[in-house]
Amino acid sequence: MSAIVEGFREGLKQGELRIQTCNACGTHILYPRHRCISCGSDDLGWTVASGRGVLHTFTVVRAVPPEGFEDELPYGLGVVKLEEGVQLMARLWPATDGSGWDGYACNAPVVFSPSDAASVDKRPVAWFAPAAV
Amino acid sequence: MAGDFVPKMTTDKRSPNDPVFIGVGELPSGRYPNRTFIGDLTEVAHLAIQDSGLSRSDIDTILLIPCLHSFADQADLIFSRMVEELGLSKSAKSSFMAHSGGSTSDNAVRIASGLIAGGHARNVLVLQAERWGSADLSKMVTMLTLNGIPQEWEQPSGITFNAIGALITRAYMEASGSTPAEMASVCVALRQWSRLNPNAMYRDRDLTIDEILASKMICDPLRAKECPMLADGAAAFVMTSAENARRNHDSWVRVNASGGCVSHYSLGQETDAATLGWKIAADRAYTHADWGPQDADFAQIYDSYAAITTIGAEGLGLVPPGEAARFFHAGHASPGGKLPMNTNGGLLSAGHTGVGGGLALLVEGIRQLLHRAETPRQIEGARRGIIGGSGGSYMDAQVLLLERIEKGELQ
């Protein structure tokens, strides 16, 4: 694992969604890079995101998963655009009432909804849920 | 930059060094456990060279398009095995590989064109073979997940290539208001074409919208019969200079202009999955071209999922924004339609031959313009065709505007 993703993963374990941020020009960057994609600086740090965003598009993987994901089927995946202007691939929580992922829609608001630290150790990925309207 | 003079990025069709296509070769796609990788490459090379009217010894440069089924087989190609297999030791000047996934064939055309126009090569053989149809499916799915999807960033999410196709399909359906039946109709049109293509994987089996909508949901909203089947296959083409072409041929095919756009590496970074890089790439091509989308007799647009083609057709200006799936549903892209698309059956019905899926579409476009497709698949009098390619997680959109040249018209 390269060091630049450690800050993001550490944040997930603490229930935070962190965005790499350039200390020189303030540009938000996700996924984390080795140098700022705007000004080129290597002085990069982290800020904590609000967790609010919009779901750009999503799917539910029901078959033919990658090796190791067989027991997790079905699972929701989506591209989330954060209000800070960056975006990421995320996992989507199913509804607790059995309606699965019916509560999600393109361009609808979603909110970061962290998994527990043990889950982050196994799968360092950000989880989102529909935002209360 | 508006109003600035933009120098044309094209070559002159009257130049002796104008790079042109003179021949193609292809083997049937599907599951052929008794065929071999090097055997297929050798066979398809002979077919393409024969079709070009050249001799094997005329080939001075071999440009290899990679396989994905085996790194060992790929290494054999990188280290010039095909030079020996084709009996070209010492006579070959250069043998090398280029790779940008599904858009490799488009980039190979650019490389071969540059070599010919710049005087670095006379006759370039571009070839590819894939053994996906005979490979272990689960191993290939895992290989595709571990390669080309950001390892430390997106792999922990459990994303797959079908999921990438589904995310793009959902975004396109949302933006265009296309229905599941309209999306399925793209697959049906491709099947109508593959039924006319003796090299297609699904040349013998019809497909209906009802059948697609009744098939298993794989990644919402994509169903099983909307996902490509991995296939064995092989394809090749030969490029030379116009000066060489006119010695043995009355007609050939050239690149009027090309354009490209690399929009992302990981799909999670694509800001608009419903449009991708197609419009930018198309605008870049048309800026340098002598003709536009209204002049095309056909289009061959990368189609590992239906939405890739509908997004491409709209970005290329062939169909109004949001209308491509309905265009297919109305039969306009089918055999006999007003704008034939993916006339070999595309990856979805001719077979997904890895990096070769885009090559097969390109080879079909060249074949149509050389007027060498089988009847009734041949588009009568085809003069201009648009090729659209894409690689990786639809990271790029590559556009080639191809045109047929007849010797007499250059006076």
# chains A, B, ... in the order shown; residues from 1 in each chain; ligands from 1
>>> residues_around(residues="stretch 85-92 of chain A", least_positions_apart="2", cutoff="7 Å", atoms="only C-alpha atoms", output="PyMOL selection string")
(chain A and resi 28-30+76-83+94+125-129) or (chain B and resi 154+157+268-269)
>>> write_last_selection(atoms="N, CA and C atoms", output="PDB file, in the first residue's frame")
ATOM      1  N   HIS A  28      -8.889  20.636  -3.592  1.00  0.00           N
ATOM      2  CA  HIS A  28      -9.293  19.328  -3.064  1.00  0.00           C
ATOM      3  C   HIS A  28      -8.987  18.258  -4.104  1.00  0.00           C
ATOM      4  N   ILE A  29      -8.495  17.108  -3.655  1.00  0.00           N
ATOM      5  CA  ILE A  29      -8.070  16.048  -4.567  1.00  0.00           C
ATOM      6  C   ILE A  29      -8.573  14.693  -4.055  1.00  0.00           C
ATOM      7  N   LEU A  30      -9.290  13.963  -4.871  1.00  0.00           N
ATOM      8  CA  LEU A  30      -9.637  12.564  -4.592  1.00  0.00           C
ATOM      9  C   LEU A  30      -9.647  11.853  -5.931  1.00  0.00           C
ATOM     10  N   GLY A  76     -24.462  -2.706  -3.331  1.00  0.00           N
ATOM     11  CA  GLY A  76     -24.679  -1.474  -4.085  1.00  0.00           C
ATOM     12  C   GLY A  76     -23.395  -0.676  -4.246  1.00  0.00           C
ATOM     13  N   LEU A  77     -23.204  -0.118  -5.424  1.00  0.00           N
ATOM     14  CA  LEU A  77     -22.027   0.690  -5.756  1.00  0.00           C
ATOM     15  C   LEU A  77     -22.501   1.972  -6.416  1.00  0.00           C
ATOM     16  N   GLY A  78     -21.831   3.078  -6.124  1.00  0.00           N
ATOM     17  CA  GLY A  78     -22.223   4.309  -6.801  1.00  0.00           C
ATOM     18  C   GLY A  78     -21.089   5.301  -6.894  1.00  0.00           C
ATOM     19  N   VAL A  79     -21.211   6.219  -7.836  1.00  0.00           N
ATOM     20  CA  VAL A  79     -20.264   7.327  -7.955  1.00  0.00           C
ATOM     21  C   VAL A  79     -20.897   8.521  -7.251  1.00  0.00           C
ATOM     22  N   VAL A  80     -20.211   8.999  -6.200  1.00  0.00           N
ATOM     23  CA  VAL A  80     -20.739  10.105  -5.390  1.00  0.00           C
ATOM     24  C   VAL A  80     -19.932  11.370  -5.663  1.00  0.00           C
ATOM     25  N   LYS A  81     -20.657  12.449  -5.971  1.00  0.00           N
ATOM     26  CA  LYS A  81     -20.023  13.759  -6.137  1.00  0.00           C
ATOM     27  C   LYS A  81     -20.191  14.516  -4.821  1.00  0.00           C
ATOM     28  N   LEU A  82     -19.089  14.780  -4.143  1.00  0.00           N
ATOM     29  CA  LEU A  82     -19.144  15.464  -2.847  1.00  0.00           C
ATOM     30  C   LEU A  82     -19.328  16.966  -3.047  1.00  0.00           C
ATOM     31  N   GLU A  83     -19.903  17.604  -2.061  1.00  0.00           N
ATOM     32  CA  GLU A  83     -20.157  19.045  -2.205  1.00  0.00           C
ATOM     33  C   GLU A  83     -18.872  19.857  -2.249  1.00  0.00           C
ATOM     34  N   PRO A  94     -27.913  -0.899   1.803  1.00  0.00           N
ATOM     35  CA  PRO A  94     -29.304  -1.227   1.469  1.00  0.00           C
ATOM     36  C   PRO A  94     -30.220  -0.725   2.589  1.00  0.00           C
ATOM     37  N   VAL A 125     -13.324   1.217   2.152  1.00  0.00           N
ATOM     38  CA  VAL A 125     -14.161   1.895   1.161  1.00  0.00           C
ATOM     39  C   VAL A 125     -15.174   2.764   1.916  1.00  0.00           C
ATOM     40  N   ALA A 126     -15.547   3.898   1.317  1.00  0.00           N
ATOM     41  CA  ALA A 126     -16.523   4.798   1.949  1.00  0.00           C
ATOM     42  C   ALA A 126     -17.936   4.318   1.641  1.00  0.00           C
ATOM     43  N   TRP A 127     -18.812   4.342   2.674  1.00  0.00           N
ATOM     44  CA  TRP A 127     -20.205   3.933   2.514  1.00  0.00           C
ATOM     45  C   TRP A 127     -21.117   5.145   2.587  1.00  0.00           C
ATOM     46  N   PHE A 128     -22.169   5.114   1.772  1.00  0.00           N
ATOM     47  CA  PHE A 128     -23.138   6.216   1.754  1.00  0.00           C
ATOM     48  C   PHE A 128     -24.554   5.674   1.887  1.00  0.00           C
ATOM     49  N   ALA A 129     -25.466   6.545   2.316  1.00  0.00           N
ATOM     50  CA  ALA A 129     -26.890   6.212   2.434  1.00  0.00           C
ATOM     51  C   ALA A 129     -27.698   7.382   1.870  1.00  0.00           C
TER      52      ALA A 129
ATOM     53  N   GLU B 154     -10.188   1.841  -5.839  1.00  0.00           N
ATOM     54  CA  GLU B 154     -11.527   1.341  -6.190  1.00  0.00           C
ATOM     55  C   GLU B 154     -11.693  -0.163  -6.028  1.00  0.00           C
ATOM     56  N   SER B 157     -13.938  -1.609  -3.347  1.00  0.00           N
ATOM     57  CA  SER B 157     -15.389  -1.425  -3.459  1.00  0.00           C
ATOM     58  C   SER B 157     -16.068  -2.657  -4.064  1.00  0.00           C
ATOM     59  N   GLY B 268     -14.852   6.284 -11.362  1.00  0.00           N
ATOM     60  CA  GLY B 268     -15.232   7.121 -10.228  1.00  0.00           C
ATOM     61  C   GLY B 268     -14.834   8.579 -10.406  1.00  0.00           C
ATOM     62  N   GLN B 269     -13.918   8.853 -11.306  1.00  0.00           N
ATOM     63  CA  GLN B 269     -13.479  10.223 -11.558  1.00  0.00           C
ATOM     64  C   GLN B 269     -14.167  10.835 -12.775  1.00  0.00           C
TER      65      GLN B 269
END
>>> interface_residues(of="chain B", to="chain A", cutoff="12 Å", atoms="only C-alpha atoms", output="ChimeraX atom specification")
/B:137-147,149-175,216-224,227,265-274
>>> closest_residue(among="B:Ser80, B:Ser390, B:Asn123, B:Thr375", to="B:Ala245", atoms="only C-alpha atoms")
B:Asn123
>>> residues_around(residues="A:Val111", least_positions_apart="3", cutoff="9 Å", atoms="only C-alpha atoms", output="PDB file with N, CA, C and O atoms, in the first residue's frame")
ATOM      1  N   SER A  50     -17.676  17.247   4.518  1.00  0.00           N
ATOM      2  CA  SER A  50     -18.976  17.370   5.195  1.00  0.00           C
ATOM      3  C   SER A  50     -19.723  16.039   5.156  1.00  0.00           C
ATOM      4  O   SER A  50     -20.589  15.777   5.985  1.00  0.00           O
ATOM      5  N   GLY A  51     -19.383  15.213   4.148  1.00  0.00           N
ATOM      6  CA  GLY A  51     -20.079  13.932   3.992  1.00  0.00           C
ATOM      7  C   GLY A  51     -21.309  14.036   3.111  1.00  0.00           C
ATOM      8  O   GLY A  51     -21.931  13.032   2.785  1.00  0.00           O
ATOM      9  N   ARG A  52     -21.653  15.274   2.723  1.00  0.00           N
ATOM     10  CA  ARG A  52     -22.844  15.438   1.873  1.00  0.00           C
ATOM     11  C   ARG A  52     -22.444  15.418   0.400  1.00  0.00           C
ATOM     12  O   ARG A  52     -21.413  15.958   0.006  1.00  0.00           O
ATOM     13  N   GLY A  53     -23.286  14.797  -0.395  1.00  0.00           N
ATOM     14  CA  GLY A  53     -23.002  14.732  -1.829  1.00  0.00           C
ATOM     15  C   GLY A  53     -24.232  14.335  -2.609  1.00  0.00           C
ATOM     16  O   GLY A  53     -25.338  14.218  -2.057  1.00  0.00           O
ATOM     17  N   VAL A  54     -24.006  14.124  -3.895  1.00  0.00           N
ATOM     18  CA  VAL A  54     -25.084  13.730  -4.801  1.00  0.00           C
ATOM     19  C   VAL A  54     -24.650  12.452  -5.510  1.00  0.00           C
ATOM     20  O   VAL A  54     -23.482  12.302  -5.877  1.00  0.00           O
ATOM     21  N   TRP A 127     -18.812   4.342   2.674  1.00  0.00           N
ATOM     22  CA  TRP A 127     -20.205   3.933   2.514  1.00  0.00           C
ATOM     23  C   TRP A 127     -21.117   5.145   2.587  1.00  0.00           C
ATOM     24  O   TRP A 127     -20.884   6.048   3.385  1.00  0.00           O
ATOM     25  N   PHE A 128     -22.169   5.114   1.772  1.00  0.00           N
ATOM     26  CA  PHE A 128     -23.138   6.216   1.754  1.00  0.00           C
ATOM     27  C   PHE A 128     -24.554   5.674   1.887  1.00  0.00           C
ATOM     28  O   PHE A 128     -24.816   4.498   1.582  1.00  0.00           O
ATOM     29  N   ALA A 129     -25.466   6.545   2.316  1.00  0.00           N
ATOM     30  CA  ALA A 129     -26.890   6.212   2.434  1.00  0.00           C
ATOM     31  C   ALA A 129     -27.698   7.382   1.870  1.00  0.00           C
ATOM     32  O   ALA A 129     -27.165   8.495   1.754  1.00  0.00           O
ATOM     33  N   PRO A 130     -28.965   7.134   1.519  1.00  0.00           N
ATOM     34  CA  PRO A 130     -29.791   8.261   1.042  1.00  0.00           C
ATOM     35  C   PRO A 130     -29.864   9.335   2.127  1.00  0.00           C
ATOM     36  O   PRO A 130     -29.976   9.017   3.310  1.00  0.00           O
ATOM     37  N   ALA A 131     -29.807  10.609   1.722  1.00  0.00           N
ATOM     38  CA  ALA A 131     -29.912  11.703   2.689  1.00  0.00           C
ATOM     39  C   ALA A 131     -31.378  11.996   2.926  1.00  0.00           C
ATOM     40  O   ALA A 131     -32.195  11.942   2.004  1.00  0.00           O
ATOM     41  N   ALA A 132     -31.705  12.290   4.193  1.00  0.00           N
ATOM     42  CA  ALA A 132     -33.086  12.663   4.506  1.00  0.00           C
ATOM     43  C   ALA A 132     -33.410  13.962   3.778  1.00  0.00           C
ATOM     44  O   ALA A 132     -32.623  14.904   3.812  1.00  0.00           O
TER      45      ALA A 132
END
>>> closest_residue(among="B:Leu401, B:Ile59, B:Val109, B:Val363", to="B:Asn344", atoms="only C-alpha atoms")
B:Val363
>>> atom_distance(atom1="atom CA of B:Ile212", atom2="atom CA of B:Lys225")
5.3 Å
>>> atom_distance(atom1="atom CA of B:Ser100", atom2="atom CA of B:Thr42")
22.9 Å
